[in-house]
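Chemist: What follows is the file my_file.cif, containing mmCIF, C-alpha atoms:
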data_structure
#
loop_
_atom_site.label_atom_id
_atom_site.label_comp_id
_atom_site.auth_asym_id
_atom_site.auth_seq_id
_atom_site.Cartn_x
_atom_site.Cartn_y
_atom_site.Cartn_z
CA MET A 336 12.52 7.59 -66.03
CA SER A 337 9.23 9.38 -66.46
CA ARG A 338 8.04 11.96 -63.97
CA LEU A 339 5.26 9.62 -62.83
CA ALA A 340 7.66 6.72 -62.29
CA LEU A 341 10.11 8.98 -60.40
CA SER A 342 7.33 10.16 -58.12
CA ALA A 343 6.27 6.58 -57.40
CA ALA A 344 9.86 5.54 -56.67
CA LEU A 345 10.33 8.43 -54.24
CA SER A 346 7.08 7.56 -52.46
CA ILE A 347 8.16 3.94 -52.02
CA ALA A 348 11.57 5.05 -50.71
CA LEU A 349 10.08 7.46 -48.21
CA CYS A 350 7.62 4.85 -46.94
CA THR A 351 10.40 2.28 -46.58
CA ALA A 352 12.55 4.76 -44.66
CA ALA A 353 9.67 5.65 -42.37
CA GLN A 354 8.97 1.99 -41.69
CA ALA A 355 12.62 1.37 -40.94
CA GLN A 356 12.80 4.01 -38.21
CA PRO A 357 12.85 2.44 -34.75
CA VAL A 358 9.87 3.33 -32.60
CA GLU A 359 10.87 4.41 -29.12
CA VAL A 360 8.42 3.20 -26.51
CA VAL A 361 8.52 5.23 -23.30
CA PRO A 362 6.69 3.46 -20.51
CA LEU A 363 4.39 5.69 -18.49
CA ALA A 364 4.96 5.77 -14.77
CA ALA A 365 2.27 3.94 -12.86
CA PRO A 366 0.09 6.20 -10.71
CA ASP A 367 1.18 6.30 -7.09
CA ALA A 368 -0.04 7.72 -3.81
CA PHE A 369 1.16 11.22 -4.69
CA SER A 370 0.55 11.53 -8.45
CA THR A 371 -3.01 12.84 -8.41
CA PRO A 372 -3.09 16.60 -7.76
CA GLY A 373 -5.45 18.08 -5.21
CA ARG A 374 -5.09 21.60 -6.60
CA PRO A 375 -2.44 23.74 -8.34
CA THR A 376 0.33 24.60 -5.90
CA GLY A 377 3.16 25.91 -8.06
CA LEU A 378 5.53 23.19 -6.81
CA PRO A 379 7.47 21.10 -9.34
CA GLY A 380 6.72 17.59 -10.57
CA ASP A 381 9.96 16.34 -9.01
CA LEU A 382 8.93 17.55 -5.56
CA TRP A 383 9.59 14.13 -3.98
CA LYS A 384 12.78 13.35 -5.89
CA GLY A 385 15.28 11.69 -3.56
CA ALA A 386 12.89 11.68 -0.60
CA SER A 387 12.98 8.81 1.88
CA ALA A 388 10.04 6.42 1.61
CA ALA A 389 10.56 5.45 5.26
CA THR A 390 10.24 9.08 6.35
CA ALA A 391 7.08 9.52 4.28
CA ARG A 392 5.50 6.42 5.85
CA THR A 393 6.33 7.73 9.32
CA VAL A 394 5.29 11.35 8.89
CA LEU A 395 2.11 11.17 6.80
CA PRO A 396 -0.11 9.44 9.40
CA THR A 397 0.88 11.99 12.07
CA LEU A 398 -0.32 15.01 10.11
CA ALA A 399 -4.00 14.31 10.70
CA ALA A 400 -3.48 13.04 14.24
CA LYS A 401 -1.37 15.80 15.80
CA PRO A 402 -2.05 19.55 15.96
CA LEU A 403 0.22 21.73 13.82
CA SER A 404 1.08 25.39 14.03
CA PRO A 405 -0.34 27.61 11.24
CA ALA A 406 2.99 27.71 9.39
CA ALA A 407 3.37 23.93 9.55
CA ALA A 408 -0.24 23.38 8.48
CA ALA A 409 0.25 25.65 5.45
CA LEU A 410 3.39 23.74 4.47
CA ALA A 411 1.60 20.41 4.82
CA ARG A 412 -1.38 21.56 2.75
CA ARG A 413 0.82 22.78 -0.08
CA VAL A 414 3.08 19.76 -0.43
CA LEU A 415 0.28 17.21 0.08
CA ALA A 416 -1.96 18.87 -2.52
CA THR A 417 0.81 18.77 -5.14
CA GLY A 418 0.54 16.14 -7.87
CA ALA A 419 4.02 14.67 -8.26
CA ALA A 420 5.60 11.23 -8.48
CA GLY A 421 6.10 10.03 -4.91
CA PRO A 422 9.26 8.78 -3.24
CA PRO A 423 10.52 5.55 -4.83
CA GLY A 424 9.15 2.45 -3.17
CA LEU A 425 5.81 3.81 -1.99
CA GLY A 426 3.63 2.80 -4.96
CA ASP A 427 -0.13 3.22 -4.76
CA ASP A 428 -0.51 2.03 -1.16
CA PRO A 429 -4.15 2.77 -0.18
CA ALA A 430 -3.09 3.51 3.39
CA LEU A 431 -0.79 6.28 2.18
CA ILE A 432 -3.45 7.73 -0.11
CA ALA A 433 -5.81 7.71 2.87
CA ALA A 434 -3.20 9.36 5.09
CA ARG A 435 -2.52 12.04 2.48
CA ALA A 436 -6.21 12.79 1.96
CA GLY A 437 -7.00 12.52 5.67
CA ALA A 438 -4.30 15.05 6.50
CA LEU A 439 -5.64 17.49 3.90
CA ILE A 440 -9.14 17.12 5.37
CA ALA A 441 -7.90 17.61 8.94
CA LEU A 442 -5.82 20.64 7.93
CA GLY A 443 -8.72 22.41 6.28
CA ASP A 444 -8.43 21.54 2.58
CA PRO A 445 -11.26 19.04 1.97
CA ALA A 446 -11.59 20.14 -1.67
CA ALA A 447 -8.03 18.98 -2.42
CA ALA A 448 -8.70 15.71 -0.61
CA ALA A 449 -11.86 15.15 -2.66
CA ALA A 450 -9.99 15.70 -5.92
CA ILE A 451 -7.39 13.11 -4.91
CA LEU A 452 -9.96 10.58 -3.70
CA GLN A 453 -12.05 10.79 -6.87
CA ARG A 454 -9.23 8.99 -8.68
CA ALA A 455 -8.12 6.70 -5.87
CA PRO A 456 -8.29 3.00 -6.81
CA GLY A 457 -9.82 0.35 -4.58
CA LEU A 458 -11.96 2.49 -2.28
CA GLU A 459 -14.22 -0.45 -1.50
CA ARG A 460 -11.26 -2.55 -0.35
CA ASN A 461 -9.85 -0.16 2.25
CA ALA A 462 -11.87 1.23 5.16
CA GLU A 463 -9.45 4.10 5.89
CA LEU A 464 -9.43 5.25 2.27
CA SER A 465 -13.21 4.95 2.09
CA GLN A 466 -13.65 6.92 5.30
CA ALA A 467 -11.57 9.78 3.92
CA ALA A 468 -13.67 9.72 0.73
CA ALA A 469 -16.95 9.61 2.66
CA GLU A 470 -15.91 12.50 4.92
CA SER A 471 -14.86 14.62 1.95
CA ALA A 472 -18.24 13.93 0.32
CA LEU A 473 -20.15 14.85 3.49
CA LEU A 474 -18.12 18.03 3.90
CA GLY A 475 -18.98 18.90 0.32
CA GLY A 476 -22.70 18.36 0.91
CA ASP A 477 -22.81 15.23 -1.28
CA ASP A 478 -24.65 12.85 1.06
CA ALA A 479 -25.59 10.55 -1.81
CA ARG A 480 -21.93 9.91 -2.68
CA ALA A 481 -21.05 9.29 0.97
CA CYS A 482 -23.87 6.73 1.22
CA ALA A 483 -22.79 5.07 -2.03
CA ILE A 484 -19.26 4.73 -0.64
CA GLU A 485 -20.68 3.16 2.54
CA GLN A 486 -22.77 0.69 0.57
CA ALA A 487 -19.84 -0.35 -1.65
CA LEU A 488 -17.40 -0.90 1.21
CA GLY A 489 -16.38 -4.53 1.45
CA THR A 490 -14.25 -4.47 4.60
CA GLY A 491 -14.43 -2.94 8.07
CA ARG A 492 -18.18 -2.33 7.86
CA GLY A 493 -18.65 -3.03 11.56
CA GLN A 494 -16.43 -0.15 12.68
CA PRO A 495 -18.20 2.64 14.60
CA TYR A 496 -17.77 5.24 11.86
CA TRP A 497 -19.47 3.05 9.26
CA LEU A 498 -22.28 2.07 11.58
CA ARG A 499 -22.97 5.75 12.27
CA LEU A 500 -22.87 6.68 8.59
CA ARG A 501 -25.07 3.69 7.69
CA ALA A 502 -27.65 4.74 10.29
CA TYR A 503 -27.69 8.24 8.80
CA CYS A 504 -28.03 6.93 5.25
CA GLN A 505 -30.85 4.59 6.28
CA ALA A 506 -32.65 7.49 7.91
CA LEU A 507 -32.25 9.54 4.72
CA ALA A 508 -33.75 6.67 2.74
CA GLY A 509 -36.76 6.46 5.07
CA GLN A 510 -35.63 3.13 6.55
CA THR A 511 -36.35 4.19 10.11
CA ALA A 512 -36.46 0.75 11.72
CA GLU A 513 -33.21 -0.34 10.08
CA GLY A 514 -31.62 2.97 10.99
CA GLN A 515 -32.65 2.59 14.63
CA LEU A 516 -31.12 -0.88 14.80
CA THR A 517 -27.85 0.32 13.23
CA PHE A 518 -27.83 3.35 15.53
CA ASP A 519 -28.18 1.08 18.58
CA LEU A 520 -25.31 -1.09 17.34
CA ALA A 521 -23.09 1.95 16.86
CA GLN A 522 -23.84 3.34 20.32
CA GLY A 523 -23.38 -0.06 21.91
CA GLN A 524 -19.95 -0.39 20.33
CA ALA A 525 -18.65 3.15 21.01
CA ARG A 526 -21.05 5.55 22.69
CA ASP A 527 -20.94 9.11 21.35
CA ALA A 528 -23.20 11.53 23.21
CA VAL A 529 -23.22 14.19 20.47
CA PHE A 530 -23.95 11.74 17.67
CA GLY A 531 -26.56 10.08 19.90
CA ARG A 532 -28.37 13.38 20.44
CA LEU A 533 -28.40 14.34 16.76
CA MET A 534 -29.11 10.88 15.34
CA GLY A 535 -31.80 10.22 17.94
CA ALA A 536 -33.63 13.36 16.81
CA LYS A 537 -33.17 12.38 13.16
CA LEU A 538 -34.78 8.98 13.74
CA SER A 539 -37.54 9.75 16.21
CA GLY A 540 -37.90 13.51 16.44
CA GLY A 541 -37.53 15.51 19.60
CA ASP A 542 -35.13 18.30 20.46
CA PRO A 543 -31.75 17.76 18.73
CA GLY A 544 -30.07 20.53 20.71
CA ALA A 545 -27.32 22.65 19.19
CA ALA A 546 -25.55 21.92 15.93
CA SER A 547 -22.23 20.08 16.06
CA LEU A 548 -19.44 20.62 13.54
CA ARG A 549 -16.73 18.20 14.63
CA ASN A 550 -16.57 16.39 11.28
CA GLY A 551 -18.41 15.75 8.03
CA LEU A 552 -21.00 13.42 9.54
CA ASP A 553 -21.86 15.92 12.28
CA LEU A 554 -22.17 18.63 9.64
CA ALA A 555 -24.47 16.49 7.49
CA LEU A 556 -26.68 15.59 10.45
CA SER A 557 -26.87 19.19 11.66
CA ARG A 558 -27.74 20.37 8.16
CA SER A 559 -30.42 17.73 7.71
CA LEU A 560 -32.01 18.75 11.02
CA GLY A 561 -32.09 22.41 9.99
CA LEU A 562 -29.88 23.53 12.89
CA ASP A 563 -28.11 26.89 13.12
CA LEU A 564 -24.63 26.12 11.86
CA MET A 565 -23.36 29.61 12.64
CA ALA A 566 -23.92 29.03 16.35
CA ALA A 567 -21.43 26.12 16.51
CA LYS A 568 -17.65 26.24 16.52
CA PRO A 569 -16.41 24.24 13.50
CA ALA A 570 -13.35 22.04 13.36
CA PRO A 571 -10.83 23.22 10.69
CA PRO A 572 -12.08 20.90 7.90
CA VAL A 573 -15.69 21.88 8.54
CA ALA A 574 -14.80 25.58 8.66
CA ALA A 575 -13.04 25.23 5.31
CA ALA A 576 -16.04 23.41 3.83
CA LEU A 577 -18.44 26.10 5.05
CA THR A 578 -16.39 29.00 3.71
CA GLY A 579 -15.46 27.29 0.44
CA GLY A 580 -12.33 27.87 -1.63
CA GLU A 581 -8.72 27.23 -0.77
CA PRO A 582 -7.45 27.93 2.75
CA LEU A 583 -6.04 31.42 3.13
CA PRO A 584 -2.31 31.68 3.89
CA PRO A 585 -1.64 32.48 7.54
CA THR A 586 -0.44 35.93 8.62
CA TRP A 587 1.29 37.16 11.76
CA ASP A 588 1.52 40.43 13.61
CA VAL A 589 5.24 41.18 13.90
CA SER A 590 4.84 44.81 14.92
CA ALA A 591 5.87 44.09 18.51
CA ILE A 592 9.24 42.62 17.49
CA ASP A 593 9.79 44.79 14.41
CA GLY A 594 11.10 47.78 16.30
CA ALA A 595 13.70 45.60 18.00
CA THR A 596 14.76 44.07 14.67
CA GLY A 597 15.12 47.39 12.85
CA GLY A 598 12.30 46.63 10.44
CA LEU A 599 13.68 43.24 9.37
CA ALA A 600 10.51 41.39 10.35
CA ALA A 601 8.38 43.68 8.16
CA ALA A 602 10.79 43.14 5.25
CA ILE A 603 10.49 39.36 5.63
CA ALA A 604 6.70 39.67 5.71
CA VAL A 605 6.70 41.17 2.21
CA GLY A 606 9.03 38.51 0.82
CA GLN A 607 12.40 40.23 1.05
CA ASP A 608 15.68 38.66 2.13
CA PRO A 609 17.12 40.30 5.25
CA PRO A 610 19.62 42.97 4.08
CA PRO A 611 23.17 42.13 5.25
CA GLY A 612 23.69 45.45 7.01
CA GLY A 613 20.43 45.18 8.93
CA LEU A 614 21.14 41.58 9.96
CA SER A 615 24.66 42.49 11.12
CA ALA A 616 23.25 45.32 13.22
CA LEU A 617 20.69 42.97 14.79
CA ILE A 618 23.34 40.35 15.62
CA ALA A 619 25.55 43.04 17.19
CA ALA A 620 22.61 44.44 19.18
CA ALA A 621 21.70 40.95 20.40
CA ALA A 622 25.26 40.34 21.56
CA GLU A 623 25.32 43.58 23.55
CA ALA A 624 21.77 43.42 24.97
CA ASP A 625 21.15 43.43 28.71
CA ALA A 626 20.00 40.29 30.47
CA LYS A 627 16.32 41.22 30.12
CA GLY A 628 16.33 41.61 26.34
CA ARG A 629 19.16 39.27 25.39
CA ALA A 630 17.15 36.07 24.90
CA ARG A 631 14.53 37.85 22.78
CA LEU A 632 17.04 39.58 20.51
CA GLN A 633 19.27 36.53 20.13
CA SER A 634 16.26 34.41 19.17
CA ALA A 635 15.13 37.02 16.65
CA ALA A 636 18.61 37.30 15.16
CA LEU A 637 18.88 33.52 14.79
CA LEU A 638 15.53 33.27 12.96
CA VAL A 639 16.38 36.16 10.63
CA ALA A 640 19.88 34.79 9.98
CA ALA A 641 18.38 31.45 8.93
CA LEU A 642 16.83 33.25 5.93
CA ALA A 643 19.99 35.04 4.87
CA PRO A 644 21.66 33.60 1.72
CA GLU A 645 25.13 34.44 3.08
CA LEU A 646 26.65 35.42 6.42
CA THR A 647 29.84 37.38 7.02
CA ALA A 648 32.58 35.99 9.23
CA ALA A 649 31.70 38.59 11.85
CA ASP A 650 28.03 37.58 11.77
CA ARG A 651 28.88 33.90 12.14
CA GLY A 652 31.14 34.71 15.06
CA GLY A 653 28.39 36.70 16.73
CA LEU A 654 25.83 33.92 16.27
CA ALA A 655 28.25 31.31 17.58
CA ALA A 656 28.43 33.13 20.91
CA PHE A 657 24.64 33.13 21.43
CA SER A 658 23.16 31.03 24.23
CA VAL A 659 19.83 30.06 22.61
CA ASP A 660 18.49 26.71 23.84
CA PRO A 661 19.66 23.93 21.46
CA GLY A 662 16.15 22.54 20.86
CA LYS A 663 14.41 19.20 21.32
CA THR A 664 14.82 17.52 17.91
CA PRO A 665 16.76 14.23 18.09
CA ALA A 666 20.24 14.58 16.64
CA GLY A 667 19.65 12.15 13.79
CA ARG A 668 16.50 13.91 12.63
CA ALA A 669 18.19 17.31 12.90
CA PHE A 670 21.14 16.03 10.87
CA ALA A 671 18.84 14.56 8.20
CA LEU A 672 16.94 17.85 7.95
CA THR A 673 20.15 19.84 7.54
CA ARG A 674 21.41 17.50 4.82
CA ALA A 675 18.05 17.54 3.00
CA GLY A 676 18.25 21.32 2.82
CA GLU A 677 21.84 21.31 1.62
CA ALA A 678 20.97 18.74 -1.06
CA LYS A 679 17.92 20.80 -2.13
CA LEU A 680 15.60 17.83 -1.55
CA MET A 681 12.38 19.81 -1.40
CA GLY A 682 9.98 17.02 -0.45
CA GLU A 683 12.26 15.45 2.13
CA ALA A 684 13.03 18.81 3.73
CA ALA A 685 9.27 19.42 3.96
CA LEU A 686 8.56 16.02 5.51
CA LEU A 687 11.33 16.32 8.09
CA SER A 688 10.22 19.85 8.95
CA LEU A 689 6.68 18.59 9.44
CA TRP A 690 7.95 15.74 11.62
CA VAL A 691 9.69 18.24 13.90
CA ALA A 692 6.64 20.51 13.88
CA ALA A 693 4.20 17.69 14.64
CA GLU A 694 6.21 16.68 17.69
CA ALA A 695 6.23 20.29 18.89
CA GLY A 696 2.44 20.79 18.80
CA GLU A 697 0.22 23.66 17.77
CA LYS A 698 2.53 26.39 19.09
CA GLY A 699 5.29 25.16 16.80
CA PRO A 700 8.95 24.34 17.43
CA GLY A 701 11.25 26.28 19.69
CA VAL A 702 13.68 28.82 18.29
CA ALA A 703 16.64 26.52 17.57
CA ASP A 704 14.55 23.81 15.92
CA ARG A 705 12.58 26.47 14.05
CA ALA A 706 15.74 28.15 12.74
CA ARG A 707 16.92 24.77 11.44
CA ILE A 708 13.59 24.31 9.65
CA VAL A 709 13.74 27.83 8.19
CA ARG A 710 17.24 27.24 6.84
CA ALA A 711 16.47 23.82 5.35
CA LEU A 712 13.27 24.99 3.65
CA ALA A 713 14.96 28.09 2.24
CA GLN A 714 17.83 26.02 0.83
CA ALA A 715 15.46 23.43 -0.63
CA GLY A 716 13.47 26.03 -2.58
CA LEU A 717 10.48 26.48 -0.26
CA ALA A 718 11.16 30.15 0.41
CA GLN A 719 7.53 31.05 1.09
CA GLU A 720 7.25 28.39 3.78
CA ALA A 721 10.66 29.29 5.25
CA ARG A 722 9.52 32.89 5.72
CA ALA A 723 6.26 31.69 7.27
CA PHE A 724 8.10 29.66 9.92
CA ALA A 725 10.40 32.61 10.63
CA LEU A 726 7.52 35.09 10.95
CA GLU A 727 5.55 32.72 13.17
CA GLY A 728 8.53 32.43 15.47
CA LEU A 729 9.22 36.17 15.49
CA ALA A 730 5.60 36.98 16.31
CA ALA A 731 5.65 34.57 19.25
CA LEU A 732 8.75 36.02 20.93
CA PRO A 733 7.88 37.45 24.37
#
What do you get writing this file as structure tokens?

Modeler:
Amino acid sequence: MSRLALSAALSIALCTAAQAQPVEVVPLAAPDAFSTPGRPTGLPGDLWKGASAATARTVLPTLAAKPLSPAAAALARRVLATGAAGPPGLGDDPALIAARAGALIALGDPAAAAAILQRAPGLERNAELSQAAAESALLGGDDARACAIEQALGTGRGQPYWLRLRAYCQALAGQTAEGQLTFDLAQGQARDAVFGRLMGAKLSGGDPGAASLRNGLDLALSRSLGLDLMAAKPAPPVAAALTGGEPLPPTWDVSAIDGATGGLAAAIAVGQDPPPGGLSALIAAAAEADAKGRARLQSAALLVAALAPELTAADRGGLAAFSVDPGKTPAGRAFALTRAGEAKLMGEAALLSLWVAAEAGEKGPGVADRARIVRALAQAGLAQEARAFALEGLAALP
């Protein structure tokens, strides 16, 4: 066989072999309510692996509606801004996307919410999702986008929020008569004295009074009227929009408790695990403390112990004799949180911790519930957030 013929034969053989290879088709996962990232967070793409869809549906709507402590708010911002496949069974439910974005806005991260909402499908078909998108646009100073969202909305247009935004957009467009009519409809449906004062001045002049920074629409109105924004106290999302950038991590002054803990609080503040000898000394001191200092030291020892990777038999025995209040978390929720930590279910441990925190309010959970959160988060791989909950609790001890 000639060299040319051999080359041709080899080419035909290689092509035939290539054609015979099976082509593996890997279906891409459909986008869901959690897939779009708000910002880089350093958390893994399997954040929500094994998480309960029922828990997610319960917890997400509460995060914008109930005040959270600084540690809980920081945890919520980080997990909600993460782009990761959501818990199985949630899909791309617009209500959940709205709840996720709404919580980020309420907790002071409107930029992350805006990034998520830019890729959210079906804005015009869901009033809650559209409202979150409009608020994020107003907070970002993009009035034109907020007005475009209002115009495109196909449902819920008669709700007070949309009537107020429509009146503002009509005023911006020079449609004063139409804006006045819409303004009257909004006030007739749900009177708002602050909006009435600002919008009245926008439509017909007069003294608008002081700026208001309750939300994105207040901010937009106050800006458009040239009011002094620095003289008003902003709500968290407005404060974040005015300062720009990502929210700063919270910090706590633990100097008052640090002397009593032998420096353990300061070590935790710089990211160290509590050294076994120091923790053992604190547990022993708490067990021997007089009645006046016993509750404080026992609480501190419990919070520090929750961060420790291991405990000695003597330390466990000392902790078991403490009389710290057992907490207010229902037994089933407490059990689920403990198991989520043990199973290293990062997303579920975060959600259950936030559920407990949301029920506790802006001061955060009591010591026993907080220690359970600290332990579960540490086991699940959220060490930064576990330390934050511990430091917040230590700083609050009387």

Chemist: Can you tell me, as lines of an AutoDock Vina configuration file, the centre and edge lengths (Å, one decimal) of the axis-aligned box enclosing all of stretch 660-677 of chain A's listed atoms after padding each side by 4 Å?

Modeler:
center_x = 18.1
center_y = 19.4
center_z = 12.7
size_x = 15.4
size_y = 22.6
size_z = 30.2

Chemist: Would you mind reading off the distance between atom CA of A:Gly437 and atom CA of A:Val414, one decimal, in Å?

Modeler: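 Atom CA of A:Val414 lies at a distance of 13.8 Å from atom CA of A:Gly437.
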
Chemist: Name the residues that the PyMOL selection byres ((chain A and resi 673) around 9) pulls out of this structure, and write them as a ChimeraX atom specification.

Modeler: /A:668-672,674-678,684,707-708,710-711

Chemist: I need the residues from that last selection saved to file as a compact mmCIF listing (two decimals), in the frame of the given file (with C-alpha atoms), if you can.

Modeler:
# COMPACT_ATOMS: atom_id res chain seq x y z
CA ARG A 668 16.50 13.91 12.63
CA ALA A 669 18.19 17.31 12.90
CA PHE A 670 21.14 16.03 10.87
CA ALA A 671 18.84 14.56 8.20
CA LEU A 672 16.94 17.85 7.95
CA ARG A 674 21.41 17.50 4.82
CA ALA A 675 18.05 17.54 3.00
CA GLY A 676 18.25 21.32 2.82
CA GLU A 677 21.84 21.31 1.62
CA ALA A 678 20.97 18.74 -1.06
CA ALA A 684 13.03 18.81 3.73
CA ARG A 707 16.92 24.77 11.44
CA ILE A 708 13.59 24.31 9.65
CA ARG A 710 17.24 27.24 6.84
CA ALA A 711 16.47 23.82 5.35

Chemist: Tell me, in Å to one decimal, how far atom CA of A:Gly613 is from atom CA of A:Ser404.

Modeler: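 Pair atom CA of A:Gly613 / atom CA of A:Ser404 returns 28.1 Å.
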
Chemist: Considering all atoms listed in the file, return as a VMD selection string whatever protein or nucleic-acid residues lie within 10 Å of A:Arg501, sequence-local ones (same chain, fewer than 2 positions apart) excluded.

Modeler: chain A and resid 481 to 482 485 to 486 492 495 to 499 503 to 507 513 to 514 517 to 518 521

Chemist: For the PyMOL selection byres ((chain A and resi 470) around 10), applied here, can you spell out every residue it catches as a ChimeraX atom specification?

Modeler: /A:437,440,445,448-449,465-469,471-478,481,500,550-552,554-555,572

Chemist: How would you write, as an NGL selection string, the residues chosen by the PyMOL selection byres ((chain A and resi 639) around 12) on this structure?

Modeler: :A and (592-593 or 596-604 or 607-611 or 613-618 or 632-638 or 640-646 or 650 or 654 or 702-703 or 705-707 or 709-710 or 713 or 721-729)

Chemist: Give the answer as one residue: which of A:Ala528, A:Leu439, A:Ala731, A:Ala620 has the shortest atom-to-atom distance to A:Arg412, using all atoms listed in the file?

Modeler: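 Using all atoms listed in the file, the shortest distance to A:Arg412 belongs to A:Leu439.
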
Chemist: Expressed in Å to a single decimal, how great is the separation between atom CA of A:Ala416 and atom CA of A:Val573?

Modeler: 17.9 Å

Chemist: Counting only C-alpha atoms, figure out which residue out of A:Lys679, A:Arg480, A:Lys663, A:Lys401 gets nearest to A:Pro700.

Modeler: A:Lys663

Chemist: Measuring between all atoms listed in the file, which one of A:Ala408, A:Leu425, A:Leu732, A:Leu562 shows the shortest distance to A:Ala591?

Modeler: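 Of the candidates, the smallest distance to A:Ala591 is held by A:Leu732.
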
Chemist: From the set A:Leu689, A:Leu556, A:Ala715, A:Ala487, which residue has the shortest atom-to-atom contact distance to A:Ala406, counting all atoms listed in the file?

Modeler: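 Looking at the shortest contact to A:Ala406, the residue is A:Leu689.
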
Chemist: Of the candidates A:Pro402, A:Ser658, A:Arg374, A:Ala567, which one gets nearest to A:Ala626 if we count all atoms listed in the file?

Modeler: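 Nearest to A:Ala626: A:Ser658.
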
Chemist: Env of A:Phe369: 8 Å cut, atoms = all atoms listed in the file, seq-sep filter 2 positions within chain, self excluded. Answer as number ranges by chain.

Modeler: A: 366-367, 371-372, 415, 417-421, 432

Chemist: Find the residues around A:Gly561 up to 12 Å (only C-alpha atoms counted), leave out those fewer than 5 positions away in its own chain, and share them as a JSON list (two decimals) with C-alpha atoms, in the frame of the given file.

Modeler:
[["chain", "number", "residue", "atom", "x", "y", "z"],
["A", 533, "LEU", "CA", -28.40, 14.34, 16.76],
["A", 536, "ALA", "CA", -33.63, 13.36, 16.81],
["A", 537, "LYS", "CA", -33.17, 12.38, 13.16],
["A", 542, "ASP", "CA", -35.13, 18.30, 20.46],
["A", 543, "PRO", "CA", -31.75, 17.76, 18.73],
["A", 544, "GLY", "CA", -30.07, 20.53, 20.71],
["A", 545, "ALA", "CA", -27.32, 22.65, 19.19],
["A", 546, "ALA", "CA", -25.55, 21.92, 15.93],
["A", 547, "SER", "CA", -22.23, 20.08, 16.06],
["A", 554, "LEU", "CA", -22.17, 18.63, 9.64],
["A", 555, "ALA", "CA", -24.47, 16.49, 7.49],
["A", 556, "LEU", "CA", -26.68, 15.59, 10.45]]

Chemist: Please write N, CA, C and O atoms of stretch 583-593 of chain A, from the structure given just now, as a PDB file, in the first residue's frame.

Modeler:
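Saved as decode-v1.pdb:
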ATOM      1  N   LEU A 583     -20.669  45.978  56.082  1.00  0.00           N
ATOM      2  CA  LEU A 583     -19.513  45.603  56.876  1.00  0.00           C
ATOM      3  C   LEU A 583     -19.896  44.532  57.889  1.00  0.00           C
ATOM      4  O   LEU A 583     -21.016  44.539  58.427  1.00  0.00           O
ATOM      5  N   PRO A 584     -19.001  43.584  58.168  1.00  0.00           N
ATOM      6  CA  PRO A 584     -19.320  42.574  59.184  1.00  0.00           C
ATOM      7  C   PRO A 584     -19.460  43.226  60.548  1.00  0.00           C
ATOM      8  O   PRO A 584     -18.729  44.183  60.866  1.00  0.00           O
ATOM      9  N   PRO A 585     -20.357  42.743  61.362  1.00  0.00           N
ATOM     10  CA  PRO A 585     -20.552  43.353  62.683  1.00  0.00           C
ATOM     11  C   PRO A 585     -19.367  43.055  63.606  1.00  0.00           C
ATOM     12  O   PRO A 585     -18.659  42.060  63.440  1.00  0.00           O
ATOM     13  N   THR A 586     -19.163  43.907  64.584  1.00  0.00           N
ATOM     14  CA  THR A 586     -18.134  43.700  65.606  1.00  0.00           C
ATOM     15  C   THR A 586     -18.758  43.934  66.974  1.00  0.00           C
ATOM     16  O   THR A 586     -19.784  44.612  67.094  1.00  0.00           O
ATOM     17  N   TRP A 587     -18.106  43.382  68.002  1.00  0.00           N
ATOM     18  CA  TRP A 587     -18.633  43.508  69.363  1.00  0.00           C
ATOM     19  C   TRP A 587     -17.500  43.814  70.331  1.00  0.00           C
ATOM     20  O   TRP A 587     -16.365  43.339  70.168  1.00  0.00           O
ATOM     21  N   ASP A 588     -17.838  44.584  71.338  1.00  0.00           N
ATOM     22  CA  ASP A 588     -16.883  44.903  72.385  1.00  0.00           C
ATOM     23  C   ASP A 588     -16.994  43.842  73.479  1.00  0.00           C
ATOM     24  O   ASP A 588     -17.984  43.812  74.222  1.00  0.00           O
ATOM     25  N   VAL A 589     -15.995  42.972  73.552  1.00  0.00           N
ATOM     26  CA  VAL A 589     -16.027  41.894  74.548  1.00  0.00           C
ATOM     27  C   VAL A 589     -15.045  42.166  75.683  1.00  0.00           C
ATOM     28  O   VAL A 589     -14.733  41.271  76.468  1.00  0.00           O
ATOM     29  N   SER A 590     -14.580  43.409  75.783  1.00  0.00           N
ATOM     30  CA  SER A 590     -13.588  43.711  76.820  1.00  0.00           C
ATOM     31  C   SER A 590     -14.152  43.507  78.220  1.00  0.00           C
ATOM     32  O   SER A 590     -13.432  43.085  79.134  1.00  0.00           O
ATOM     33  N   ALA A 591     -15.439  43.784  78.406  1.00  0.00           N
ATOM     34  CA  ALA A 591     -16.030  43.673  79.741  1.00  0.00           C
ATOM     35  C   ALA A 591     -16.054  42.224  80.227  1.00  0.00           C
ATOM     36  O   ALA A 591     -15.879  41.957  81.413  1.00  0.00           O
ATOM     37  N   ILE A 592     -16.266  41.280  79.336  1.00  0.00           N
ATOM     38  CA  ILE A 592     -16.344  39.871  79.718  1.00  0.00           C
ATOM     39  C   ILE A 592     -14.989  39.187  79.580  1.00  0.00           C
ATOM     40  O   ILE A 592     -14.759  38.115  80.148  1.00  0.00           O
ATOM     41  N   ASP A 593     -14.047  39.813  78.865  1.00  0.00           N
ATOM     42  CA  ASP A 593     -12.813  39.105  78.531  1.00  0.00           C
ATOM     43  C   ASP A 593     -11.971  38.806  79.759  1.00  0.00           C
ATOM     44  O   ASP A 593     -11.334  37.755  79.844  1.00  0.00           O
TER      45      ASP A 593
END
